[in-house]
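Raw model00.cif, mmCIF, C-alpha atoms:
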data_start
loop_
_atom_site.group_PDB
_atom_site.id
_atom_site.type_symbol
_atom_site.label_atom_id
_atom_site.label_comp_id
_atom_site.auth_asym_id
_atom_site.auth_seq_id
_atom_site.Cartn_x
_atom_site.Cartn_y
_atom_site.Cartn_z
ATOM 1 C CA MET A 1 -152.411 -97.788 -32.832
ATOM 2 C CA ASN A 2 -151.211 -101.214 -31.743
ATOM 3 C CA ILE A 3 -148.409 -101.399 -29.186
ATOM 4 C CA ALA A 4 -146.390 -104.106 -27.435
ATOM 5 C CA VAL A 5 -144.678 -104.093 -24.047
ATOM 6 C CA PHE A 6 -141.502 -105.995 -23.256
ATOM 7 C CA GLY A 7 -140.398 -105.730 -19.636
ATOM 8 C CA GLY A 8 -137.519 -107.285 -17.776
ATOM 9 C CA SER A 9 -134.560 -106.749 -15.507
ATOM 10 C CA PHE A 10 -132.019 -106.705 -18.388
ATOM 11 C CA ASP A 11 -129.377 -107.526 -15.789
ATOM 12 C CA PRO A 12 -127.376 -107.169 -18.024
ATOM 13 C CA PRO A 13 -128.884 -106.894 -21.521
ATOM 14 C CA HIS A 14 -127.863 -109.712 -23.877
ATOM 15 C CA VAL A 15 -128.250 -110.740 -27.493
ATOM 16 C CA GLY A 16 -131.339 -112.772 -26.616
ATOM 17 C CA HIS A 17 -133.141 -109.591 -25.535
ATOM 18 C CA LEU A 18 -132.261 -107.959 -28.847
ATOM 19 C CA ALA A 19 -133.448 -111.034 -30.752
ATOM 20 C CA ILE A 20 -136.808 -110.814 -28.953
ATOM 21 C CA ILE A 21 -137.148 -107.161 -29.955
ATOM 22 C CA GLU A 22 -136.293 -107.926 -33.589
ATOM 23 C CA LYS A 23 -138.753 -110.831 -33.696
ATOM 24 C CA ALA A 24 -141.534 -108.807 -32.080
ATOM 25 C CA LEU A 25 -141.124 -105.983 -34.591
ATOM 26 C CA LYS A 26 -141.318 -108.447 -37.477
ATOM 27 C CA GLU A 27 -144.059 -110.769 -36.248
ATOM 28 C CA LEU A 28 -146.452 -108.563 -34.299
ATOM 29 C CA PRO A 29 -148.855 -106.097 -35.969
ATOM 30 C CA ILE A 30 -147.576 -103.112 -33.944
ATOM 31 C CA GLU A 31 -146.523 -99.521 -34.490
ATOM 32 C CA ARG A 32 -144.656 -99.075 -31.185
ATOM 33 C CA LEU A 33 -142.726 -101.394 -28.904
ATOM 34 C CA PHE A 34 -142.150 -100.205 -25.331
ATOM 35 C CA VAL A 35 -139.186 -101.759 -23.534
ATOM 36 C CA VAL A 36 -139.575 -101.392 -19.764
ATOM 37 C CA PRO A 37 -136.546 -102.103 -17.545
ATOM 38 C CA ALA A 38 -137.686 -103.000 -14.034
ATOM 39 C CA PHE A 39 -136.246 -101.354 -10.955
ATOM 40 C CA ILE A 40 -136.651 -104.755 -9.301
ATOM 41 C CA ASN A 41 -138.670 -107.680 -10.607
ATOM 42 C CA PRO A 42 -141.554 -108.269 -8.115
ATOM 43 C CA PHE A 43 -140.544 -111.955 -8.017
ATOM 44 C CA LYS A 44 -136.870 -111.233 -7.314
ATOM 45 C CA LYS A 45 -135.016 -109.531 -4.492
ATOM 46 C CA GLY A 46 -132.588 -107.354 -6.414
ATOM 47 C CA THR A 47 -130.353 -106.839 -9.435
ATOM 48 C CA LEU A 48 -126.595 -106.893 -9.886
ATOM 49 C CA PHE A 49 -126.287 -103.916 -12.231
ATOM 50 C CA PRO A 50 -127.636 -100.469 -11.227
ATOM 51 C CA ALA A 51 -130.960 -99.386 -12.725
ATOM 52 C CA SER A 52 -129.382 -96.344 -14.386
ATOM 53 C CA LEU A 53 -126.890 -98.520 -16.290
ATOM 54 C CA ARG A 54 -129.472 -101.077 -17.379
ATOM 55 C CA LEU A 55 -131.709 -98.278 -18.673
ATOM 56 C CA GLU A 56 -128.872 -96.549 -20.530
ATOM 57 C CA TRP A 57 -127.654 -99.773 -22.119
ATOM 58 C CA MET A 58 -131.102 -100.719 -23.398
ATOM 59 C CA ARG A 59 -131.603 -97.250 -24.879
ATOM 60 C CA ARG A 60 -128.287 -97.410 -26.686
ATOM 61 C CA LEU A 61 -128.905 -100.928 -27.964
ATOM 62 C CA THR A 62 -132.277 -99.990 -29.472
ATOM 63 C CA LYS A 63 -131.577 -96.461 -30.717
ATOM 64 C CA HIS A 64 -131.514 -97.600 -34.362
ATOM 65 C CA HIS A 65 -135.151 -98.715 -34.063
ATOM 66 C CA PRO A 66 -137.349 -95.580 -34.171
ATOM 67 C CA GLU A 67 -140.420 -97.670 -33.313
ATOM 68 C CA VAL A 68 -138.838 -98.815 -30.042
ATOM 69 C CA ALA A 69 -139.060 -96.675 -26.890
ATOM 70 C CA VAL A 70 -137.185 -97.635 -23.723
ATOM 71 C CA ILE A 71 -139.090 -96.017 -20.851
ATOM 72 C CA ASP A 72 -138.103 -95.456 -17.224
ATOM 73 C CA PHE A 73 -141.607 -95.703 -15.737
ATOM 74 C CA GLU A 74 -140.788 -98.584 -13.376
ATOM 75 C CA ILE A 75 -137.262 -97.408 -12.588
ATOM 76 C CA GLN A 76 -138.541 -93.976 -11.557
ATOM 77 C CA LYS A 77 -140.808 -95.630 -9.006
ATOM 78 C CA GLY A 78 -137.761 -97.036 -7.235
ATOM 79 C CA CYS A 79 -139.528 -100.202 -6.079
ATOM 80 C CA PRO A 80 -141.006 -103.422 -7.518
ATOM 81 C CA THR A 81 -143.840 -102.419 -9.846
ATOM 82 C CA PRO A 82 -146.644 -104.812 -10.831
ATOM 83 C CA THR A 83 -147.003 -105.122 -14.595
ATOM 84 C CA ILE A 84 -150.632 -104.005 -14.420
ATOM 85 C CA GLU A 85 -149.504 -100.541 -13.270
ATOM 86 C CA THR A 86 -147.270 -100.191 -16.327
ATOM 87 C CA ILE A 87 -150.080 -101.332 -18.602
ATOM 88 C CA ARG A 88 -152.516 -98.832 -17.054
ATOM 89 C CA HIS A 89 -149.954 -96.067 -17.529
ATOM 90 C CA LEU A 90 -149.390 -96.881 -21.206
ATOM 91 C CA LYS A 91 -153.100 -97.278 -21.966
ATOM 92 C CA GLU A 92 -153.825 -93.931 -20.360
ATOM 93 C CA HIS A 93 -151.168 -92.119 -22.388
ATOM 94 C CA TYR A 94 -151.486 -93.911 -25.753
ATOM 95 C CA THR A 95 -155.017 -95.408 -25.821
ATOM 96 C CA PRO A 96 -153.922 -98.305 -28.059
ATOM 97 C CA GLN A 97 -156.390 -100.343 -30.029
ATOM 98 C CA ASN A 98 -154.509 -103.540 -29.164
ATOM 99 C CA LEU A 99 -151.824 -104.096 -26.565
ATOM 100 C CA TYR A 100 -149.489 -107.102 -26.580
ATOM 101 C CA LEU A 101 -147.519 -108.132 -23.495
ATOM 102 C CA ILE A 102 -144.331 -110.091 -24.241
ATOM 103 C CA ILE A 103 -143.200 -112.562 -21.578
ATOM 104 C CA GLY A 104 -140.910 -115.586 -21.463
ATOM 105 C CA SER A 105 -142.340 -119.091 -21.311
ATOM 106 C CA ASP A 106 -140.495 -119.564 -18.009
ATOM 107 C CA GLN A 107 -142.856 -116.988 -16.472
ATOM 108 C CA LEU A 108 -146.017 -118.972 -17.230
ATOM 109 C CA PRO A 109 -145.999 -121.043 -13.999
ATOM 110 C CA ASP A 110 -145.979 -117.837 -11.913
ATOM 111 C CA LEU A 111 -148.591 -116.017 -14.003
ATOM 112 C CA PRO A 112 -151.481 -116.772 -11.605
ATOM 113 C CA LYS A 113 -149.491 -115.015 -8.844
ATOM 114 C CA TRP A 114 -149.187 -111.730 -10.766
ATOM 115 C CA HIS A 115 -150.889 -108.739 -9.199
ATOM 116 C CA SER A 116 -154.413 -108.165 -10.591
ATOM 117 C CA ILE A 117 -153.898 -110.970 -13.089
ATOM 118 C CA GLU A 118 -157.576 -111.128 -14.085
ATOM 119 C CA GLU A 119 -157.574 -107.443 -14.998
ATOM 120 C CA LEU A 120 -154.292 -107.908 -16.838
ATOM 121 C CA LYS A 121 -155.748 -110.726 -18.930
ATOM 122 C CA LYS A 122 -158.540 -108.390 -20.040
ATOM 123 C CA GLN A 123 -156.167 -105.538 -20.881
ATOM 124 C CA VAL A 124 -153.515 -107.353 -22.950
ATOM 125 C CA GLU A 125 -152.893 -110.187 -25.358
ATOM 126 C CA PHE A 126 -150.008 -112.281 -24.067
ATOM 127 C CA VAL A 127 -147.143 -113.110 -26.407
ATOM 128 C CA ILE A 128 -144.984 -115.982 -25.185
ATOM 129 C CA ILE A 129 -141.304 -116.179 -26.076
ATOM 130 C CA THR A 130 -140.192 -119.796 -26.037
ATOM 131 C CA ARG A 131 -136.667 -121.177 -26.416
ATOM 132 C CA GLU A 132 -137.423 -124.835 -25.742
ATOM 133 C CA GLU A 133 -140.052 -127.547 -25.904
ATOM 134 C CA ARG A 134 -142.580 -126.257 -23.391
ATOM 135 C CA ALA A 135 -146.342 -126.711 -23.342
ATOM 136 C CA ILE A 136 -147.947 -123.355 -24.180
ATOM 137 C CA PRO A 137 -151.697 -122.929 -23.611
ATOM 138 C CA PRO A 138 -153.530 -122.681 -26.955
ATOM 139 C CA ASN A 139 -154.930 -119.198 -26.244
ATOM 140 C CA PHE A 140 -151.471 -117.583 -26.251
ATOM 141 C CA ARG A 141 -149.644 -116.130 -29.236
ATOM 142 C CA VAL A 142 -146.129 -117.620 -29.493
ATOM 143 C CA ILE A 143 -142.824 -116.323 -30.833
ATOM 144 C CA GLU A 144 -140.090 -118.933 -31.098
ATOM 145 C CA LEU A 145 -136.542 -117.883 -30.275
ATOM 146 C CA ASN A 146 -133.554 -120.114 -30.931
ATOM 147 C CA ASN A 147 -131.179 -118.340 -28.573
ATOM 148 C CA PRO A 148 -129.978 -119.754 -25.242
ATOM 149 C CA SER A 149 -128.664 -116.445 -23.882
ATOM 150 C CA SER A 150 -129.511 -115.436 -20.339
ATOM 151 C CA SER A 151 -128.409 -112.696 -17.983
ATOM 152 C CA THR A 152 -127.770 -115.275 -15.268
ATOM 153 C CA LYS A 153 -125.249 -117.108 -17.420
ATOM 154 C CA ILE A 154 -123.416 -113.870 -18.165
ATOM 155 C CA ARG A 155 -123.217 -112.984 -14.468
ATOM 156 C CA THR A 156 -122.164 -116.420 -13.253
ATOM 157 C CA LYS A 157 -120.310 -118.059 -16.129
ATOM 158 C CA ASP A 158 -118.622 -115.171 -17.958
ATOM 159 C CA GLU A 159 -120.403 -115.906 -21.244
ATOM 160 C CA GLU A 160 -118.966 -112.908 -23.054
ATOM 161 C CA ASP A 161 -120.355 -113.905 -26.450
ATOM 162 C CA SER A 162 -123.879 -113.217 -25.190
ATOM 163 C CA ILE A 163 -123.090 -109.562 -24.447
ATOM 164 C CA PRO A 164 -123.767 -107.128 -27.333
ATOM 165 C CA GLU A 165 -120.491 -105.761 -28.690
ATOM 166 C CA SER A 166 -121.415 -102.089 -28.194
ATOM 167 C CA ILE A 167 -121.684 -102.501 -24.407
ATOM 168 C CA LYS A 168 -119.449 -105.526 -23.820
ATOM 169 C CA GLY A 169 -116.478 -103.508 -22.566
ATOM 170 C CA GLU A 170 -118.598 -101.618 -20.044
ATOM 171 C CA VAL A 171 -120.377 -104.739 -18.778
ATOM 172 C CA LEU A 172 -117.140 -106.681 -18.309
ATOM 173 C CA SER A 173 -115.396 -103.701 -16.732
ATOM 174 C CA PHE A 174 -118.236 -103.240 -14.243
ATOM 175 C CA MET A 175 -118.189 -106.937 -13.393
ATOM 176 C CA LYS A 176 -114.398 -106.875 -12.931
ATOM 177 C CA ASN A 177 -114.392 -103.750 -10.766
ATOM 178 C CA HIS A 178 -117.309 -104.958 -8.671
ATOM 179 C CA LYS A 179 -116.478 -108.651 -8.662
ATOM 180 C CA GLU A 180 -116.422 -109.080 -4.898
ATOM 181 C CA SER A 181 -119.595 -107.095 -4.303
ATOM 182 C CA LEU A 182 -121.354 -108.922 -7.144
ATOM 183 C CA LEU A 183 -120.392 -112.276 -5.650
ATOM 184 C CA ARG A 184 -121.731 -111.199 -2.256
ATOM 185 C CA LYS A 185 -124.990 -110.137 -3.843
ATOM 186 C CA GLU A 186 -125.278 -113.437 -5.727
ATOM 187 C CA ARG A 187 -124.710 -115.315 -2.454
ATOM 188 C CA ALA A 188 -127.380 -113.280 -0.669
ATOM 189 C CA GLN A 189 -129.849 -113.874 -3.485
ATOM 190 C CA GLU A 190 -129.109 -117.607 -3.430
ATOM 191 C CA ILE A 191 -129.966 -117.651 0.290
ATOM 192 C CA VAL A 192 -133.274 -115.981 -0.508
ATOM 193 C CA GLU A 193 -134.020 -118.563 -3.208
ATOM 194 C CA ILE A 194 -133.233 -121.466 -0.878
ATOM 195 C CA LEU A 195 -135.470 -120.076 1.856
ATOM 196 C CA ASP A 196 -138.261 -119.475 -0.642
ATOM 197 C CA SER A 197 -137.993 -123.044 -1.968
ATOM 198 C CA LYS A 198 -138.404 -124.334 1.600
ATOM 199 C CA LYS A 199 -141.589 -122.346 2.265
ATOM 200 C CA ALA A 200 -140.150 -119.511 4.340
ATOM 201 C CA GLU A 201 -142.513 -116.519 4.225
ATOM 202 C CA ASN A 202 -142.153 -112.743 3.799
ATOM 203 C CA ILE A 203 -138.488 -112.939 2.833
ATOM 204 C CA GLU A 204 -136.707 -109.575 2.828
ATOM 205 C CA LEU A 205 -133.198 -108.836 1.549
ATOM 206 C CA PHE A 206 -131.498 -105.624 2.718
ATOM 207 C CA ASP A 207 -128.484 -104.352 0.807
ATOM 208 C CA LEU A 208 -126.477 -102.364 3.353
ATOM 209 C CA SER A 209 -123.151 -102.412 1.517
ATOM 210 C CA GLY A 210 -121.523 -99.005 1.778
ATOM 211 C CA SER A 211 -123.197 -98.263 5.111
ATOM 212 C CA ASP A 212 -121.665 -98.456 8.586
ATOM 213 C CA TYR A 213 -123.549 -101.634 9.479
ATOM 214 C CA LEU A 214 -121.539 -104.703 10.496
ATOM 215 C CA VAL A 215 -122.530 -106.767 7.418
ATOM 216 C CA ASP A 216 -123.257 -105.985 3.764
ATOM 217 C CA TYR A 217 -126.503 -107.951 3.481
ATOM 218 C CA VAL A 218 -129.235 -108.953 5.896
ATOM 219 C CA VAL A 219 -131.833 -111.602 5.076
ATOM 220 C CA ILE A 220 -135.004 -111.784 7.174
ATOM 221 C CA ALA A 221 -137.608 -114.523 6.835
ATOM 222 C CA THR A 222 -140.584 -115.859 8.749
ATOM 223 C CA ALA A 223 -140.665 -119.529 9.684
ATOM 224 C CA LEU A 224 -143.927 -121.380 10.195
ATOM 225 C CA ALA A 225 -142.745 -122.562 13.631
ATOM 226 C CA ASP A 226 -139.548 -122.997 15.627
ATOM 227 C CA LYS A 227 -138.932 -126.457 14.130
ATOM 228 C CA HIS A 228 -139.365 -125.002 10.655
ATOM 229 C CA ALA A 229 -136.722 -122.365 11.441
ATOM 230 C CA ALA A 230 -134.289 -125.082 12.528
ATOM 231 C CA SER A 231 -135.048 -127.006 9.349
ATOM 232 C CA LEU A 232 -134.411 -123.893 7.242
ATOM 233 C CA LEU A 233 -131.037 -123.415 8.922
ATOM 234 C CA ASP A 234 -130.106 -127.069 8.333
ATOM 235 C CA THR A 235 -131.000 -126.728 4.649
ATOM 236 C CA LEU A 236 -128.896 -123.584 4.295
ATOM 237 C CA LYS A 237 -125.910 -125.329 5.839
ATOM 238 C CA THR A 238 -126.377 -128.440 3.713
ATOM 239 C CA GLU A 239 -126.581 -126.482 0.445
ATOM 240 C CA LEU A 240 -124.093 -123.695 1.130
ATOM 241 C CA LYS A 241 -121.231 -125.290 3.060
ATOM 242 C CA PRO A 242 -120.136 -127.435 0.071
ATOM 243 C CA LYS A 243 -119.885 -124.189 -1.916
ATOM 244 C CA GLY A 244 -117.429 -122.725 0.608
ATOM 245 C CA GLU A 245 -119.854 -120.753 2.770
ATOM 246 C CA THR A 246 -118.764 -120.435 6.403
ATOM 247 C CA PHE A 247 -121.292 -120.199 9.227
ATOM 248 C CA TYR A 248 -119.213 -118.310 11.777
ATOM 249 C CA ALA A 249 -121.750 -118.089 14.586
ATOM 250 C CA THR A 250 -125.349 -119.064 15.198
ATOM 251 C CA GLU A 251 -127.662 -118.143 18.070
ATOM 252 C CA GLU A 252 -130.871 -120.110 18.444
ATOM 253 C CA SER A 253 -134.009 -119.703 20.541
ATOM 254 C CA ASP A 254 -137.552 -120.992 20.189
ATOM 255 C CA ASN A 255 -138.638 -117.889 18.230
ATOM 256 C CA TRP A 256 -135.525 -116.532 16.574
ATOM 257 C CA ILE A 257 -132.442 -117.932 14.865
ATOM 258 C CA VAL A 258 -129.666 -115.598 13.754
ATOM 259 C CA THR A 259 -126.638 -116.852 11.848
ATOM 260 C CA ASP A 260 -123.552 -114.913 10.777
ATOM 261 C CA LEU A 261 -121.822 -115.669 7.455
ATOM 262 C CA GLY A 262 -119.267 -112.887 7.883
ATOM 263 C CA ASP A 263 -120.688 -110.397 5.396
ATOM 264 C CA ILE A 264 -124.262 -111.727 5.376
ATOM 265 C CA MET A 265 -126.571 -112.026 8.398
ATOM 266 C CA ILE A 266 -129.668 -114.243 8.352
ATOM 267 C CA HIS A 267 -132.605 -113.834 10.758
ATOM 268 C CA LEU A 268 -135.273 -116.548 10.930
ATOM 269 C CA PHE A 269 -138.248 -115.470 13.048
ATOM 270 C CA THR A 270 -141.559 -116.913 14.057
ATOM 271 C CA GLU A 271 -144.308 -114.536 12.922
ATOM 272 C CA ASN A 272 -145.154 -112.996 16.311
ATOM 273 C CA HIS A 273 -141.517 -112.539 17.274
ATOM 274 C CA ARG A 274 -140.795 -110.802 13.980
ATOM 275 C CA LYS A 275 -143.627 -108.350 14.572
ATOM 276 C CA LYS A 276 -142.410 -107.734 18.121
ATOM 277 C CA PHE A 277 -138.873 -106.732 17.143
ATOM 278 C CA ASN A 278 -139.688 -105.098 13.760
ATOM 279 C CA LEU A 279 -136.082 -105.357 12.598
ATOM 280 C CA GLU A 280 -137.136 -104.265 9.106
ATOM 281 C CA GLU A 281 -137.835 -100.708 10.258
ATOM 282 C CA PHE A 282 -134.344 -100.365 11.706
ATOM 283 C CA LEU A 283 -132.677 -101.800 8.585
ATOM 284 C CA ALA A 284 -134.830 -99.712 6.247
ATOM 285 C CA GLY A 285 -133.636 -96.629 8.111
ATOM 286 C CA LEU A 286 -130.015 -97.651 7.592
ATOM 287 C CA LYS A 287 -130.706 -98.207 3.908
ATOM 288 C CA LYS A 288 -132.219 -94.722 3.539
ATOM 289 C CA GLU A 289 -129.191 -93.167 5.229
ATOM 290 C CA LYS A 290 -126.916 -95.066 2.877
ATOM 291 C CA ASN A 291 -128.861 -93.919 -0.202
ATOM 292 C CA ARG A 292 -128.780 -90.283 0.954
ATOM 293 C CA SER A 293 -125.008 -90.410 1.278
ATOM 294 C CA LEU A 294 -124.497 -91.745 -2.281
#

Produce structure tokens that represent the structure in this file.
Amino acid sequence: MNIAVFGGSFDPPHVGHLAIIEKALKELPIERLFVVPAFINPFKKGTLFPASLRLEWMRRLTKHHPEVAVIDFEIQKGCPTPTIETIRHLKEHYTPQNLYLIIGSDQLPDLPKWHSIEELKKQVEFVIITREERAIPPNFRVIELNNPSSSTKIRTKDEEDSIPESIKGEVLSFMKNHKESLLRKERAQEIVEILDSKKAENIELFDLSGSDYLVDYVVIATALADKHAASLLDTLKTELKPKGETFYATEESDNWIVTDLGDIMIHLFTENHRKKFNLEEFLAGLKKEKNRSL
């Protein structure tokens, strides 16, 4: 049996995802297509829609395709799961003759960073979904998709036409009812992306909304040195203040900068100082308490 794997956050699912599934079923020599919603993408810090909803929506959207199975392997793990673990799981249970891994062309630059990438290359044949003129290495199979849909555009620009009709009401209702919390999460994730682009290391994002902590989100990052931490703070202010972000208070020392955005707290440590205070352990404990109370 030949199988294909299509993973993603599906945050939320859109017509582009469905077009990929339809194309894969038509163009790949496969008997089964496994759709694998991620709990959290290893290269991202979170999702806007809960894992349970994203899983349910994908199952409903593909139920008319008997050859498609939406599996909860990564969601059940409750943490970022490297693709190689999913591939090992499927090969163990289905022993396929050939296994195709479907990824977007935008993921190619990060492919060398994937966990156990050399093993992964031996286990699968990559299938690249491309929506634009992008150089694809000659050893990859390509599926062309003329659809500009993206989950990011739905979340940030209210592109309702990209949402499948059968779940559109639920997606829009969730976004309306959780508008403020979704905006806070988007802001926190943007902070993470800015820090990452400026070479901050070991960035952690803690979602503490619904807990008794004084803010909803805490971002922790390691700076290369005290001057790097100051530079990171300057960049955050430069990029976020024009968007309406308010930096209410900032405390600075040689090893630690903490800045308060009202509902988001940012900690920029030097490496040794971060190890000394181990703030992550305290915040992880708060997060566990919050999850137990849900």

To box stretch 188-196 of chain A, take all atoms listed in the file, fit an axis-aligned box, add 8 Å on each side, and give centre and edge lengths in Å to one decimal, as JSON.
{"center_x": -132.8, "center_y": -117.4, "center_z": -0.8, "size_x": 26.9, "size_y": 24.2, "size_z": 21.3}

**Q.** Who sits within 12 Å of A:Gln107, all atoms listed in the file, same chain under 2 positions skipped, as a PyMOL selection string
**A.** chain A and resi 7-8+41+43+102-105+109-114+126-130+134+136

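Applied to the shown file, the PyMOL selection byres ((chain A and resi 47-57) around 8) selects the residues A:Ser9, A:Phe10, A:Asp11, A:Pro12, A:Pro13, A:Pro37, A:Ala38, A:Phe39, A:Ile40, A:Lys45, A:Gly46, A:Met58, A:Arg59, A:Arg60, A:Leu61, A:Val70, A:Asp72, A:Ile75, A:Ile167, A:Leu182, A:Lys185, A:Glu186.
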
Please list as a compact mmCIF listing (two decimals) with C-alpha atoms, keeping the file's coordinate frame every residue within 10 Å of A:Leu145, counting all atoms listed in the file and excluding residues in the same chain fewer than 4 positions away.
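Output (out.txt):
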# COMPACT_ATOMS: atom_id res chain seq x y z
CA GLY A 16 -131.34 -112.77 -26.62
CA ALA A 19 -133.45 -111.03 -30.75
CA ILE A 20 -136.81 -110.81 -28.95
CA LYS A 23 -138.75 -110.83 -33.70
CA ILE A 129 -141.30 -116.18 -26.08
CA THR A 130 -140.19 -119.80 -26.04
CA ARG A 131 -136.67 -121.18 -26.42
CA GLU A 132 -137.42 -124.84 -25.74

**Q.** Gap from atom CA of A:Val218 to atom CA of A:Leu233 - Å, one decimal
**A.** 14.9 Å

Q: Given the file shown, determine the residues that the PyMOL selection byres ((chain A and resi 191-207) around 6) selects; report them as a VMD selection string.
A: chain A and resid 188 to 190 208 to 209 217 to 223

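For the pair atom CA of A:Lys275 and atom CA of A:Ser116, the interatomic distance is 27.4 Å.
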
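For the choices A:Asp254, A:Glu144, A:Asp263, A:Glu165, the atom-to-atom distance to A:Lys227 is smallest for A:Asp254 when using all atoms listed in the file.
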
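The two atoms in question, atom CA of A:Ala4 and atom CA of A:Val35, are spaced 8.5 Å apart.
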
(Q) Given all atoms listed in the file as the basis, pick out the residue of A:Leu236, A:Ile117, A:Val258, A:Val171 nearest to A:Ile84. (A) A:Ile117

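Across A:Asp226, A:Asn278, A:Ala24, A:Asn272, the tightest approach to A:Ser253 is made by A:Asp226 when counting only C-alpha atoms.
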
Which residues match the PyMOL selection byres ((chain A and resi 85) around 12) in the file above, as a PDB file with C-alpha atoms, keeping the file's coordinate frame?
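The file below, part-v7.pdb, is the result:
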ATOM      1  CA  VAL A  36    -139.575-101.392 -19.764  1.00  0.00           C
ATOM      2  CA  PHE A  73    -141.607 -95.703 -15.737  1.00  0.00           C
ATOM      3  CA  GLU A  74    -140.788 -98.584 -13.376  1.00  0.00           C
ATOM      4  CA  LYS A  77    -140.808 -95.630  -9.006  1.00  0.00           C
ATOM      5  CA  PRO A  80    -141.006-103.422  -7.518  1.00  0.00           C
ATOM      6  CA  THR A  81    -143.840-102.419  -9.846  1.00  0.00           C
ATOM      7  CA  PRO A  82    -146.644-104.812 -10.831  1.00  0.00           C
ATOM      8  CA  THR A  83    -147.003-105.122 -14.595  1.00  0.00           C
ATOM      9  CA  ILE A  84    -150.632-104.005 -14.420  1.00  0.00           C
ATOM     10  CA  THR A  86    -147.270-100.191 -16.327  1.00  0.00           C
ATOM     11  CA  ILE A  87    -150.080-101.332 -18.602  1.00  0.00           C
ATOM     12  CA  ARG A  88    -152.516 -98.832 -17.054  1.00  0.00           C
ATOM     13  CA  HIS A  89    -149.954 -96.067 -17.529  1.00  0.00           C
ATOM     14  CA  LEU A  90    -149.390 -96.881 -21.206  1.00  0.00           C
ATOM     15  CA  LYS A  91    -153.100 -97.278 -21.966  1.00  0.00           C
ATOM     16  CA  GLU A  92    -153.825 -93.931 -20.360  1.00  0.00           C
ATOM     17  CA  TRP A 114    -149.187-111.730 -10.766  1.00  0.00           C
ATOM     18  CA  HIS A 115    -150.889-108.739  -9.199  1.00  0.00           C
ATOM     19  CA  SER A 116    -154.413-108.165 -10.591  1.00  0.00           C
ATOM     20  CA  ILE A 117    -153.898-110.970 -13.089  1.00  0.00           C
ATOM     21  CA  GLU A 119    -157.574-107.443 -14.998  1.00  0.00           C
ATOM     22  CA  LEU A 120    -154.292-107.908 -16.838  1.00  0.00           C
ATOM     23  CA  GLN A 123    -156.167-105.538 -20.881  1.00  0.00           C
TER      24      GLN A 123
END

(Q) Please determine, counting all atoms listed in the file, which residue among A:Leu183, A:Met175, A:Met265, A:Ile3 has the shortest atom-to-atom distance to A:His93. (A) A:Ile3

Q: Return the single residue from A:Pro42, A:Gly285, A:Pro29, A:Gly262 that is closest to A:Tyr100, with distances computed using all atoms listed in the file.
A: A:Pro29

Q) Looking at A:Tyr94, A:Trp256, A:Phe277, A:Phe282, which one is nearest to A:Asn2, with distances taken over all atoms listed in the file? A) A:Tyr94
